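Source file: upload-v3.pdb (PDB, C-alpha atoms)
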```pdb
MODEL        1
ATOM      1  CA  MET L   1     -16.209 -11.334 -51.311
ATOM      2  CA  SER L   2     -14.267  -8.073 -51.491
ATOM      3  CA  ILE L   3     -10.571  -7.853 -50.666
ATOM      4  CA  ILE L   4     -11.472  -5.795 -47.568
ATOM      5  CA  ASP L   5     -13.787  -8.526 -46.294
ATOM      6  CA  TRP L   6     -11.098 -11.140 -46.959
ATOM      7  CA  PHE L   7      -8.523  -9.279 -44.848
ATOM      8  CA  ALA L   8     -11.123  -8.652 -42.117
ATOM      9  CA  LYS L   9     -11.859 -12.374 -41.828
ATOM     10  CA  LYS L  10      -8.248 -13.521 -42.119
ATOM     11  CA  GLN L  11      -7.132 -14.714 -38.699
ATOM     12  CA  LYS L  12      -3.823 -13.638 -37.211
ATOM     13  CA  ALA L  13      -1.272 -16.445 -37.222
ATOM     14  CA  PRO L  14      -0.685 -17.816 -33.704
ATOM     15  CA  SER L  15       2.570 -16.880 -32.033
ATOM     16  CA  LYS L  16       5.227 -19.461 -31.213
ATOM     17  CA  ALA L  17       4.228 -19.321 -27.523
ATOM     18  CA  GLU L  18       0.598 -19.993 -28.473
ATOM     19  CA  ARG L  19       1.565 -22.901 -30.741
ATOM     20  CA  LEU L  20       3.602 -24.447 -27.924
ATOM     21  CA  ASN L  21       0.810 -23.765 -25.385
ATOM     22  CA  ILE L  22       3.144 -21.680 -23.204
ATOM     23  CA  PRO L  23       1.164 -19.668 -20.621
ATOM     24  CA  GLY L  24       1.439 -15.916 -21.032
ATOM     25  CA  ASP L  25       2.122 -15.218 -17.352
ATOM     26  CA  LEU L  26       5.365 -17.183 -17.023
ATOM     27  CA  TRP L  27       7.575 -14.128 -17.475
ATOM     28  CA  ILE L  28       7.429 -10.480 -16.457
ATOM     29  CA  LYS L  29       9.638  -7.538 -17.390
ATOM     30  CA  CYS L  30      11.058  -5.448 -14.567
ATOM     31  CA  PRO L  31       9.872  -1.839 -15.091
ATOM     32  CA  SER L  32      13.119  -0.541 -13.585
ATOM     33  CA  CYS L  33      15.924  -2.471 -15.313
ATOM     34  CA  SER L  34      13.894  -4.151 -18.122
ATOM     35  CA  GLU L  35      15.253  -7.558 -17.140
ATOM     36  CA  VAL L  36      12.881 -10.417 -18.027
ATOM     37  CA  LEU L  37      12.080 -12.310 -14.824
ATOM     38  CA  PHE L  38      10.626 -15.765 -14.305
ATOM     39  CA  THR L  39       7.372 -15.143 -12.423
ATOM     40  CA  LYS L  40       7.857 -18.011  -9.980
ATOM     41  CA  ASP L  41      11.359 -16.807  -9.085
ATOM     42  CA  LEU L  42       9.993 -13.301  -8.547
ATOM     43  CA  GLU L  43       7.304 -14.575  -6.186
ATOM     44  CA  VAL L  44       9.825 -16.621  -4.205
ATOM     45  CA  ASN L  45      11.932 -13.460  -3.843
ATOM     46  CA  TYR L  46       9.054 -11.487  -2.261
ATOM     47  CA  LYS L  47       8.343  -9.815  -5.618
ATOM     48  CA  VAL L  48      11.707  -8.047  -5.570
ATOM     49  CA  CYS L  49      13.797  -7.955  -8.748
ATOM     50  CA  ASN L  50      17.014  -9.900  -8.102
ATOM     51  CA  HIS L  51      18.879  -7.746 -10.630
ATOM     52  CA  CYS L  52      18.112  -4.174  -9.505
ATOM     53  CA  ASN L  53      16.198  -4.630  -6.191
ATOM     54  CA  PHE L  54      13.062  -3.018  -7.642
ATOM     55  CA  HIS L  55      10.106  -3.687  -5.323
ATOM     56  CA  PHE L  56       6.927  -4.581  -7.188
ATOM     57  CA  ARG L  57       3.668  -3.381  -5.656
ATOM     58  CA  LEU L  58       1.850  -5.958  -3.533
ATOM     59  CA  SER L  59      -1.787  -6.639  -2.777
ATOM     60  CA  PRO L  60      -2.867  -6.958   0.882
ATOM     61  CA  GLU L  61      -3.073 -10.729   0.449
ATOM     62  CA  GLU L  62       0.525 -10.898  -0.757
ATOM     63  CA  ARG L  63       1.775  -8.811   2.180
ATOM     64  CA  LEU L  64      -0.012 -11.116   4.598
ATOM     65  CA  LEU L  65       1.539 -14.137   2.886
ATOM     66  CA  TYR L  66       5.077 -12.753   2.915
ATOM     67  CA  LEU L  67       5.231 -11.004   6.293
ATOM     68  CA  PHE L  68       2.841 -12.612   8.770
ATOM     69  CA  ASP L  69       2.178 -16.047  10.208
ATOM     70  CA  LYS L  70       0.174 -18.327   7.952
ATOM     71  CA  ASN L  71      -3.616 -18.183   8.480
ATOM     72  CA  SER L  72      -3.203 -15.861  11.462
ATOM     73  CA  PHE L  73      -5.002 -12.856   9.985
ATOM     74  CA  VAL L  74      -8.515 -12.144  11.240
ATOM     75  CA  GLU L  75     -10.153  -9.345   9.281
ATOM     76  CA  SER L  76     -12.462  -6.832  10.936
ATOM     77  CA  ASP L  77     -15.053  -4.364   9.587
ATOM     78  CA  SER L  78     -14.908  -5.898   6.123
ATOM     79  CA  ASN L  79     -18.559  -4.963   5.534
ATOM     80  CA  LEU L  80     -17.939  -1.189   5.407
ATOM     81  CA  LYS L  81     -18.520   0.195   1.891
ATOM     82  CA  PRO L  82     -18.179   3.652   0.321
ATOM     83  CA  ILE L  83     -21.207   5.437  -1.131
ATOM     84  CA  ASP L  84     -21.553   8.237  -3.665
ATOM     85  CA  PHE L  85     -23.236  10.709  -1.305
ATOM     86  CA  LEU L  86     -22.269  13.719  -3.486
ATOM     87  CA  LYS L  87     -23.499  12.064  -6.719
ATOM     88  CA  PHE L  88     -20.102  13.045  -8.095
ATOM     89  CA  LYS L  89     -19.333  12.708 -11.788
ATOM     90  CA  ASP L  90     -16.195  13.484 -13.777
ATOM     91  CA  THR L  91     -15.534  11.323 -16.823
ATOM     92  CA  GLN L  92     -17.812   8.769 -15.185
ATOM     93  CA  GLN L  93     -20.037   8.484 -12.140
ATOM     94  CA  TYR L  94     -18.202   7.906  -8.838
ATOM     95  CA  SER L  95     -20.642   5.100  -8.021
ATOM     96  CA  SER L  96     -19.514   3.340 -11.216
ATOM     97  CA  ARG L  97     -15.852   3.738 -10.243
ATOM     98  CA  ILE L  98     -16.578   2.156  -6.858
ATOM     99  CA  LYS L  99     -18.447  -0.743  -8.437
ATOM    100  CA  ASN L 100     -15.703  -1.411 -11.000
ATOM    101  CA  ALA L 101     -12.970  -1.277  -8.340
ATOM    102  CA  GLN L 102     -14.897  -3.680  -6.114
ATOM    103  CA  GLN L 103     -15.411  -6.141  -8.962
ATOM    104  CA  LYS L 104     -11.725  -6.084  -9.966
ATOM    105  CA  SER L 105     -10.267  -6.280  -6.459
ATOM    106  CA  LYS L 106     -12.967  -8.424  -4.794
ATOM    107  CA  LYS L 107     -12.800  -5.947  -1.893
ATOM    108  CA  HIS L 108     -15.125  -3.244  -0.602
ATOM    109  CA  GLU L 109     -12.487  -0.576   0.013
ATOM    110  CA  ALA L 110      -8.848   0.479  -0.368
ATOM    111  CA  VAL L 111      -7.718  -0.719   3.066
ATOM    112  CA  THR L 112      -7.862  -4.053   4.878
ATOM    113  CA  ILE L 113      -7.728  -4.098   8.688
ATOM    114  CA  GLY L 114      -7.616  -6.746  11.396
ATOM    115  CA  GLN L 115      -5.296  -8.672  13.698
ATOM    116  CA  ALA L 116      -2.469 -11.026  12.754
ATOM    117  CA  SER L 117       0.593 -12.545  14.340
ATOM    118  CA  ILE L 118       4.219 -12.162  13.350
ATOM    119  CA  ASN L 119       6.383 -14.962  14.778
ATOM    120  CA  ASN L 120       3.484 -15.583  17.207
ATOM    121  CA  LYS L 121       3.491 -11.943  18.324
ATOM    122  CA  MET L 122      -0.014 -10.458  17.956
ATOM    123  CA  VAL L 123      -0.347  -7.100  16.210
ATOM    124  CA  ASN L 124      -3.080  -4.835  14.883
ATOM    125  CA  LEU L 125      -2.779  -4.352  11.168
ATOM    126  CA  ALA L 126      -3.932  -2.100   8.329
ATOM    127  CA  ILE L 127      -2.820  -2.632   4.726
ATOM    128  CA  MET L 128      -3.686  -0.123   2.008
ATOM    129  CA  ASP L 129      -4.314  -1.304  -1.547
ATOM    130  CA  PHE L 130      -3.149   0.929  -4.412
ATOM    131  CA  PHE L 131      -5.010  -1.266  -6.887
ATOM    132  CA  PHE L 132      -8.343  -0.019  -5.444
ATOM    133  CA  LEU L 133      -8.813   3.517  -6.835
ATOM    134  CA  GLY L 134      -5.153   4.311  -6.280
ATOM    135  CA  GLY L 135      -5.404   3.550  -2.563
ATOM    136  CA  SER L 136      -7.199   6.871  -2.168
ATOM    137  CA  MET L 137      -8.377   7.848   1.305
ATOM    138  CA  GLY L 138     -12.129   8.320   1.399
ATOM    139  CA  SER L 139     -14.435   8.445   4.411
ATOM    140  CA  VAL L 140     -14.591   4.642   4.746
ATOM    141  CA  VAL L 141     -10.801   4.303   4.536
ATOM    142  CA  GLY L 142     -10.485   6.907   7.277
ATOM    143  CA  GLU L 143     -13.128   5.145   9.351
ATOM    144  CA  LYS L 144     -11.408   1.763   9.048
ATOM    145  CA  ILE L 145      -8.008   3.231   9.911
ATOM    146  CA  THR L 146      -9.593   4.901  12.947
ATOM    147  CA  LYS L 147     -11.266   1.661  13.985
ATOM    148  CA  ILE L 148      -8.018  -0.308  13.964
ATOM    149  CA  ILE L 149      -6.330   2.475  15.950
ATOM    150  CA  GLU L 150      -9.153   2.304  18.513
ATOM    151  CA  ALA L 151      -8.779  -1.486  18.606
ATOM    152  CA  ALA L 152      -5.080  -1.022  19.407
ATOM    153  CA  VAL L 153      -5.982   1.415  22.193
ATOM    154  CA  GLU L 154      -8.283  -1.229  23.657
ATOM    155  CA  ASN L 155      -6.246  -4.423  23.238
ATOM    156  CA  GLN L 156      -2.820  -2.765  23.687
ATOM    157  CA  HIS L 157      -1.206  -4.789  20.887
ATOM    158  CA  PRO L 158       1.234  -2.907  18.614
ATOM    159  CA  LEU L 159      -0.158  -1.309  15.461
ATOM    160  CA  ILE L 160       1.433  -1.650  12.005
ATOM    161  CA  ILE L 161       0.056   0.261   9.014
ATOM    162  CA  PHE L 162       1.280  -0.332   5.457
ATOM    163  CA  THR L 163       0.610   2.822   3.429
ATOM    164  CA  MET L 164       0.259   2.822  -0.361
ATOM    165  CA  SER L 165      -1.926   5.689  -1.489
ATOM    166  CA  GLY L 166      -2.325   8.491  -3.984
ATOM    167  CA  GLY L 167      -3.862  10.711  -1.303
ATOM    168  CA  ALA L 168      -7.354  11.920  -0.442
ATOM    169  CA  ARG L 169     -10.287  10.727  -2.576
ATOM    170  CA  MET L 170     -11.559  13.980  -4.002
ATOM    171  CA  GLN L 171     -14.827  12.459  -5.269
ATOM    172  CA  GLU L 172     -15.907  12.670  -1.621
ATOM    173  CA  GLY L 173     -15.020  16.337  -1.271
ATOM    174  CA  LEU L 174     -14.372  17.808   2.156
ATOM    175  CA  LEU L 175     -15.179  14.550   3.970
ATOM    176  CA  SER L 176     -12.129  12.906   2.418
ATOM    177  CA  LEU L 177      -9.899  15.694   3.764
ATOM    178  CA  MET L 178     -11.472  15.410   7.210
ATOM    179  CA  GLN L 179     -10.022  11.895   7.506
ATOM    180  CA  MET L 180      -6.585  13.456   8.009
ATOM    181  CA  ALA L 181      -7.670  15.084  11.272
ATOM    182  CA  LYS L 182      -9.790  12.098  12.281
ATOM    183  CA  THR L 183      -6.995   9.532  12.018
ATOM    184  CA  SER L 184      -4.413  11.869  13.565
ATOM    185  CA  SER L 185      -6.663  12.505  16.572
ATOM    186  CA  ALA L 186      -7.096   8.777  17.095
ATOM    187  CA  LEU L 187      -3.319   8.318  16.972
ATOM    188  CA  ALA L 188      -2.925  10.921  19.708
ATOM    189  CA  LEU L 189      -4.987   8.638  21.987
ATOM    190  CA  LEU L 190      -2.797   5.689  20.979
ATOM    191  CA  SER L 191       0.300   7.681  21.895
ATOM    192  CA  GLU L 192      -1.136   8.482  25.325
ATOM    193  CA  LYS L 193      -1.532   4.741  25.964
ATOM    194  CA  LYS L 194       2.101   4.204  24.851
ATOM    195  CA  VAL L 195       1.092   1.512  22.362
ATOM    196  CA  PRO L 196       3.796   1.095  19.665
ATOM    197  CA  TYR L 197       2.843   2.350  16.216
ATOM    198  CA  ILE L 198       4.933   1.446  13.153
ATOM    199  CA  THR L 199       4.352   2.646   9.610
ATOM    200  CA  VAL L 200       5.716   0.918   6.529
ATOM    201  CA  LEU L 201       5.748   3.423   3.674
ATOM    202  CA  CYS L 202       5.310   1.698   0.320
ATOM    203  CA  ASP L 203       5.297   3.025  -3.226
ATOM    204  CA  PRO L 204       3.589   5.442  -3.503
ATOM    205  CA  THR L 205       2.640   7.206  -0.253
ATOM    206  CA  THR L 206       1.463  10.682  -1.166
ATOM    207  CA  GLY L 207      -1.065  13.456  -0.569
ATOM    208  CA  GLY L 208      -3.378  13.415   2.420
ATOM    209  CA  THR L 209      -2.200   9.977   3.511
ATOM    210  CA  SER L 210       1.411  11.123   3.877
ATOM    211  CA  ALA L 211       0.187  14.331   5.535
ATOM    212  CA  SER L 212      -1.560  12.405   8.311
ATOM    213  CA  PHE L 213      -1.203   8.898   9.761
ATOM    214  CA  ALA L 214       1.552   7.735   7.366
ATOM    215  CA  MET L 215       4.161  10.071   8.863
ATOM    216  CA  LEU L 216       3.106   9.824  12.516
ATOM    217  CA  GLY L 217       4.632   6.460  13.371
ATOM    218  CA  ASP L 218       6.899   5.909  16.352
ATOM    219  CA  ILE L 219       9.097   4.112  13.819
ATOM    220  CA  GLN L 220       8.830   4.863  10.101
ATOM    221  CA  ILE L 221      10.140   2.237   7.718
ATOM    222  CA  ALA L 222      10.231   2.721   3.955
ATOM    223  CA  GLU L 223      10.578   0.174   1.182
ATOM    224  CA  PRO L 224      13.476   0.835  -1.234
ATOM    225  CA  GLY L 225      12.685   3.221  -4.073
ATOM    226  CA  ALA L 226       9.270   4.209  -2.738
ATOM    227  CA  LEU L 227       7.869   7.612  -3.703
ATOM    228  CA  ILE L 228       6.945   9.386  -0.457
ATOM    229  CA  SER L 229       5.641  12.929  -0.742
ATOM    230  CA  PHE L 230       2.769  15.351  -0.340
ATOM    231  CA  ALA L 231       2.798  17.030  -3.752
ATOM    232  CA  GLY L 232       4.386  15.199  -6.658
ATOM    233  CA  PRO L 233       7.769  16.176  -8.135
ATOM    234  CA  ARG L 234       6.283  17.599 -11.336
ATOM    235  CA  VAL L 235       3.926  19.860  -9.391
ATOM    236  CA  ILE L 236       6.819  21.146  -7.264
ATOM    237  CA  GLU L 237       9.061  21.760 -10.280
ATOM    238  CA  GLN L 238       6.306  23.677 -12.046
ATOM    239  CA  THR L 239       5.666  25.744  -8.906
ATOM    240  CA  ILE L 240       9.236  26.678  -7.957
ATOM    241  CA  ARG L 241      10.534  26.597 -11.570
ATOM    242  CA  GLN L 242      13.645  24.702 -10.548
ATOM    243  CA  LYS L 243      15.042  21.262 -11.311
ATOM    244  CA  LEU L 244      14.778  18.934  -8.319
ATOM    245  CA  PRO L 245      17.711  16.767  -7.114
ATOM    246  CA  ASP L 246      18.029  13.218  -8.411
ATOM    247  CA  GLY L 247      16.005  10.784  -6.339
ATOM    248  CA  PHE L 248      14.015  13.608  -4.722
ATOM    249  CA  GLN L 249      11.125  12.210  -2.602
ATOM    250  CA  LYS L 250      12.387   8.640  -2.910
ATOM    251  CA  SER L 251      12.766   6.689   0.325
ATOM    252  CA  GLU L 252      16.576   6.806   0.260
ATOM    253  CA  PHE L 253      16.483  10.620  -0.086
ATOM    254  CA  LEU L 254      14.099  10.865   2.877
ATOM    255  CA  LEU L 255      16.336   8.624   4.979
ATOM    256  CA  GLU L 256      19.331  10.822   4.209
ATOM    257  CA  HIS L 257      17.361  13.905   5.309
ATOM    258  CA  GLY L 258      15.909  12.397   8.486
ATOM    259  CA  MET L 259      12.299  11.920   7.370
ATOM    260  CA  VAL L 260      12.238   8.129   7.825
ATOM    261  CA  ASP L 261      14.047   5.901  10.300
ATOM    262  CA  MET L 262      15.143   3.106   7.979
ATOM    263  CA  VAL L 263      14.856   1.759   4.462
ATOM    264  CA  THR L 264      14.370  -2.007   4.584
ATOM    265  CA  SER L 265      14.247  -4.482   1.732
ATOM    266  CA  ARG L 266      11.161  -6.672   1.758
ATOM    267  CA  PRO L 267      12.915 -10.025   2.417
ATOM    268  CA  ASP L 268      14.300  -8.568   5.676
ATOM    269  CA  LEU L 269      11.123  -6.812   6.765
ATOM    270  CA  LYS L 270       9.423  -9.584   8.751
ATOM    271  CA  GLU L 271      12.279 -10.006  11.213
ATOM    272  CA  ILE L 272      12.742  -6.232  11.508
ATOM    273  CA  LEU L 273       9.048  -5.781  12.342
ATOM    274  CA  PHE L 274       9.131  -8.607  14.876
ATOM    275  CA  ASP L 275      12.188  -7.156  16.618
ATOM    276  CA  LEU L 276      10.608  -3.695  16.754
ATOM    277  CA  VAL L 277       7.199  -4.727  18.122
ATOM    278  CA  THR L 278       8.951  -6.884  20.712
ATOM    279  CA  LEU L 279      11.373  -4.168  21.813
ATOM    280  CA  LEU L 280       8.811  -1.363  21.848
ATOM    281  CA  ASP L 281       5.975  -3.238  23.568
ATOM    282  CA  PRO L 282       6.033  -2.076  27.215
ATOM    283  CA  ARG L 283       4.266  -5.255  28.321
ATOM    284  CA  GLU L 284       7.168  -7.451  27.238
ATOM    285  CA  GLU L 285       9.103  -8.750  30.220
ATOM    286  CA  VAL L 286      12.828  -8.220  30.092
ATOM    287  CA  LYS L 287      14.528 -11.591  30.142
ATOM    288  CA  LYS L 288      17.404 -11.769  32.564
TER     289      LYS L 288
ENDMDL
END
```
Please express what this file holds, its structure, as structure tokens.
Amino acid sequence: MSIIDWFAKKQKAPSKAERLNIPGDLWIKCPSCSEVLFTKDLEVNYKVCNHCNFHFRLSPEERLLYLFDKNSFVESDSNLKPIDFLKFKDTQQYSSRIKNAQQKSKKHEAVTIGQASINNKMVNLAIMDFFFLGGSMGSVVGEKITKIIEAAVENQHPLIIFTMSGGARMQEGLLSLMQMAKTSSALALLSEKKVPYITVLCDPTTGGTSASFAMLGDIQIAEPGALISFAGPRVIEQTIRQKLPDGFQKSEFLLEHGMVDMVTSRPDLKEILFDLVTLLDPREEVKK
């Protein structure tokens, strides 16, 4: 046996954690302050760092768990799936990207819609998922958003949309951009019926999503530190050849300049949402 073969077959010595059979998911480092956090403590704290208030990104299931009544969510139109109608290919086929995203997320698309209750108050709900192709808005995402808006027009319950998206899904070409007009037109009908519409802008909310339904809420709430923009900061700096202000396009900057109504930490969000849908719902009787 050669020395090369000997080194190739030599196994790496197990780490101390492996020798002690310590699970690898017990701890997580905060990407903002680099503090090492106990995973269970982080989950109890709504996945918010208790050192710097950094808000970790959530899946739709986690948002339902943290913010809505247990087992109250009833999903609708879960069978809608995207297709590669343009046979688009960049570094890989779009159909392969869809398949991989569906296998990893166990979902068909980048948004989940349905009805749920918040402190027994029924609402229509859409939650975008950044972990599915960056939460990009394709034709099926636009269709599902439109469907939940139409459901709100019909049942008159308030509508809450959690946005978390990199923008339009360019593998679907012009049809992805058409979803901006489609969802905005549906929201115009919702406004005519005076049904409350609340958006919760999560990190990130950018591109075609921010340029359409994300910024059309009657009340616009942002999570702390969320990037909310159309074009990204680097693109803007390269275009105007100027250095942007600190915190530019973060939720706190937008609040200061009147682009959002409030910045609310996740542990406080459930009660804020309940108060808003109760106060804004015209069907609520005023208690004397």
List every residue of range 114-195 of chain L that has an atom at most 7 Å from any atom of range 79-100 of chain L, and for each one report the closest atom pair and its distance in Å to one decimal, counting only C-alpha atoms, with rows sorted by chain and then by increasing residue number, as CSV.
```
residue,atom,partner,partner_atom,distance
L:Val140,CA,L:Pro82,CA,5.8
L:Gln171,CA,L:Phe88,CA,6.0
L:Glu172,CA,L:Leu86,CA,6.7
```
Produce a file of the selected residues containing C-alpha atoms, as a JSON list (two decimals), in the coordinates of the input.
```json
[["chain", "number", "residue", "atom", "x", "y", "z"],
["L", 140, "VAL", "CA", -14.59, 4.64, 4.75],
["L", 171, "GLN", "CA", -14.83, 12.46, -5.27],
["L", 172, "GLU", "CA", -15.91, 12.67, -1.62]]
```
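The gap separating CA of Asp261 in chain L from CA of Ile118 in chain L is 20.8 Å, in Å to one decimal.
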Legend entry - Between CA of Met180 in chain L and CA of Gly208 in chain L - distance in Å to one decimal: 6.4 Å
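Between CA of Asp218 in chain L and CA of Ser191 in chain L the interatomic distance comes to 8.8 Å.
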With only C-alpha atoms counted, which protein, DNA or RNA residues have an atom no more than 12 Å from (-8.4, -0.4, 22.9) in the file frame? Please answer as a PDB file with C-alpha atoms, keeping the file's coordinate frame.
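What ended up in point.pdb:
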```pdb
ATOM      1  CA  ASN L 124      -3.080  -4.835  14.883  1.00  0.00           C
ATOM      2  CA  THR L 146      -9.593   4.901  12.947  1.00  0.00           C
ATOM      3  CA  LYS L 147     -11.266   1.661  13.985  1.00  0.00           C
ATOM      4  CA  ILE L 148      -8.018  -0.308  13.964  1.00  0.00           C
ATOM      5  CA  ILE L 149      -6.330   2.475  15.950  1.00  0.00           C
ATOM      6  CA  GLU L 150      -9.153   2.304  18.513  1.00  0.00           C
ATOM      7  CA  ALA L 151      -8.779  -1.486  18.606  1.00  0.00           C
ATOM      8  CA  ALA L 152      -5.080  -1.022  19.407  1.00  0.00           C
ATOM      9  CA  VAL L 153      -5.982   1.415  22.193  1.00  0.00           C
ATOM     10  CA  GLU L 154      -8.283  -1.229  23.657  1.00  0.00           C
ATOM     11  CA  ASN L 155      -6.246  -4.423  23.238  1.00  0.00           C
ATOM     12  CA  GLN L 156      -2.820  -2.765  23.687  1.00  0.00           C
ATOM     13  CA  HIS L 157      -1.206  -4.789  20.887  1.00  0.00           C
ATOM     14  CA  PRO L 158       1.234  -2.907  18.614  1.00  0.00           C
ATOM     15  CA  LEU L 159      -0.158  -1.309  15.461  1.00  0.00           C
ATOM     16  CA  ALA L 186      -7.096   8.777  17.095  1.00  0.00           C
ATOM     17  CA  LEU L 187      -3.319   8.318  16.972  1.00  0.00           C
ATOM     18  CA  LEU L 189      -4.987   8.638  21.987  1.00  0.00           C
ATOM     19  CA  LEU L 190      -2.797   5.689  20.979  1.00  0.00           C
ATOM     20  CA  SER L 191       0.300   7.681  21.895  1.00  0.00           C
ATOM     21  CA  GLU L 192      -1.136   8.482  25.325  1.00  0.00           C
ATOM     22  CA  LYS L 193      -1.532   4.741  25.964  1.00  0.00           C
ATOM     23  CA  LYS L 194       2.101   4.204  24.851  1.00  0.00           C
ATOM     24  CA  VAL L 195       1.092   1.512  22.362  1.00  0.00           C
TER      25      VAL L 195
END
```
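When you apply the PyMOL selection byres ((chain L and resi 231) around 12) to this structure, what comes back is Gly166, Gly167, Ala168, Pro204, Thr205, Thr206, Gly207, Gly208, Thr209, Ser210, Ala211, Leu227, Ile228, Ser229, Phe230, Gly232, Pro233, Arg234, Val235, Ile236, Glu237, Gln238, Thr239, Phe248 and Gln249 of chain L.
With all atoms listed in the file as the basis for measurement, L:Gly114 is the residue among L:Pro282, L:Gly114, L:Gly217, L:Gly138 that approaches Leu64 in chain L most closely.
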Legend entry - Output of the PyMOL selection byres ((chain L and resi 107) around 12), listed as a PyMOL selection string: chain L and resi 59-61+75+77-82+98-106+108-113+128-129+131-133
Return the padded bounding box of range 45-59 of chain L as AutoDock Vina command-line options: axis-aligned, built from all atoms listed in the file, 8 Å added on each side, with centre and edge lengths in Å to one decimal.
```
--center_x 8.5 --center_y -8.2 --center_z -6.4 --size_x 36.7 --size_y 26.4 --size_z 24.4
```
Inset, instruction - Go through L:Ile127, L:Val141, L:Ala181, L:Leu276 one by one, measure the shortest atom-to-atom distance of each to Ser212 in chain L using only C-alpha atoms, and give the residue with the smallest value. - result: L:Ala181
